[in-house]
Amino acid sequence: MEPGESPGALGLHGDEEIIEVVELGPPGPDDLAEEMEDVDFEDEGAEEPDAEAWESEDDEGVEDGMEAQDDSEVTFSLHSASVFCVSLDPKTNTLAVTGGEDDKAFVWRVSDGELLFECSGHKDSVTCAGFSHDSVFVATGDMSGLIKVWRVDAKEEVWSFEVGDLEWMEWHPQAHVLLAGTADGNTWMWKIPSGDCKTFQGPACPATCGRILPDGKRAVVGYEDGTMRIWDLKQGTSLHVLKGQDGHQDPLTCVASNQDGSLIMTGSVDCHAKLVNSTTGKVVCVFKMESVTPKAPIGEGEEAESNSVESLGFCNVMPLAAVGYLDGTLAIYDLSTQSLRHKCQHESGIVQLLWEESSAVVYTCSLDGAVRLWDARSGKMISEYRGHSAEILDFAVNKDASIVVTTSGDHQAKVFCVQRPDR
């Protein structure tokens, strides 16, 4: 998710006083590298999320409602099992990296699906993959905690490290610095390719999600026990901890920040999304999704219908935030009034959502195998794209919002052209 929002776009009304926009110029890569020189780096280990293996049928045997139509322009089919993750190279948006349940990761050309190189050597499902801010490096991480970094132009591995079970991984927005969260509660930070390392010790439970804030100096990390911490990356200290009533009652699933980093949003299995002032660490408001249908009594052997926040993000051009739920609800919240603006219903669970960089359009992918574009101002669906015969597990949108790259349980990655005539 590339959440964000323009400074000063937000006037929050209510008893909580929040908006204090702090102008922090992003440090250059050299500044950050110098700051990290002063840090005591230590060594230890990490790992990645249990990505569930999905049974899926190839080709036409599609599940309910999954038509055999294919709106995609390009299909990448070198994976031999579910494809869990995808990222686009930030500099040119011409390359994609995908990782899958087949223990493989590939870097390939978006225009024609041509393989550039394989990121070989993983021994478990590759669940994290991403390019550095300048597209010089690509990192791949598998569930067992083996992380590898490759130099893209040379197509060669330049660094690897093994941690405990890997939960998430993210590149720094301005420097060759990699962060990862693991099942033992640690968050790891490495300088690449030197490998200088430092760890941020959380509670003794998995660090389930994390995000580096836009200033490049802080990171927000969510944990399985419902707590959230904001870390100072240079000092290695915890600036704010939200727990108990301020935290969530269940594991955190996702975190996001707005464009200037003044606001953070956290999502959880408890179905709540919390808006937090990143400077004060105070909760500004809580968005709660009421269950659409009353819970029927559970018969013996039946499971309760579960719901949770699966993905969230901020709009860059209006004071809006989107929250996607496992029950298929896409909620658009108005930040200035702290109220629900629209509810867009999907027939099956939302896996991920992303905002367009420069408009109020939000994209969703879901378990029914479709990508949908929604106008957040009206709450209406703009368009829908199909082509997968199983659930979509991850997706990425390029900078000018002309293409979407998806990965699925059907062993494929696909490129959809979503350029609209109204632009």
# chains A, B, ... in the order shown; residues from 1 in each chain; ligands from 1
$ select_by_dssp --residues "region 120-299 of chain A" --states "strand (DSSP E or B)" --output "MDAnalysis selection string"
chainID A and resid 126:131 137:142 146:151 156:162 166:171 177:182 186:191 197:201 207:212 218:223 228:232 237:242 252:257 263:268 272:277 283:288
$ closest_residue --among "A:Phe314, A:Phe84, A:Trp188, A:Tyr363" --to "Ala256 (chain A)" --atoms "only C-alpha atoms"
A:Phe314
$ closest_residue --among "A:Asp246, A:Glu224, A:Glu384, A:Asp196" --to "Leu178 (chain A)" --atoms "only C-alpha atoms"
A:Asp196
$ closest_residue --among "A:Ser336, A:Gln174, A:Thr98, A:Thr253" --to "Gly324 (chain A)" --atoms "only C-alpha atoms"
A:Thr253
$ residues_around --residues "Ser77 (chain A)" --least-positions-apart "6" --cutoff "7 Å" --atoms "only C-alpha atoms" --output "number ranges by chain"
A: 411-413
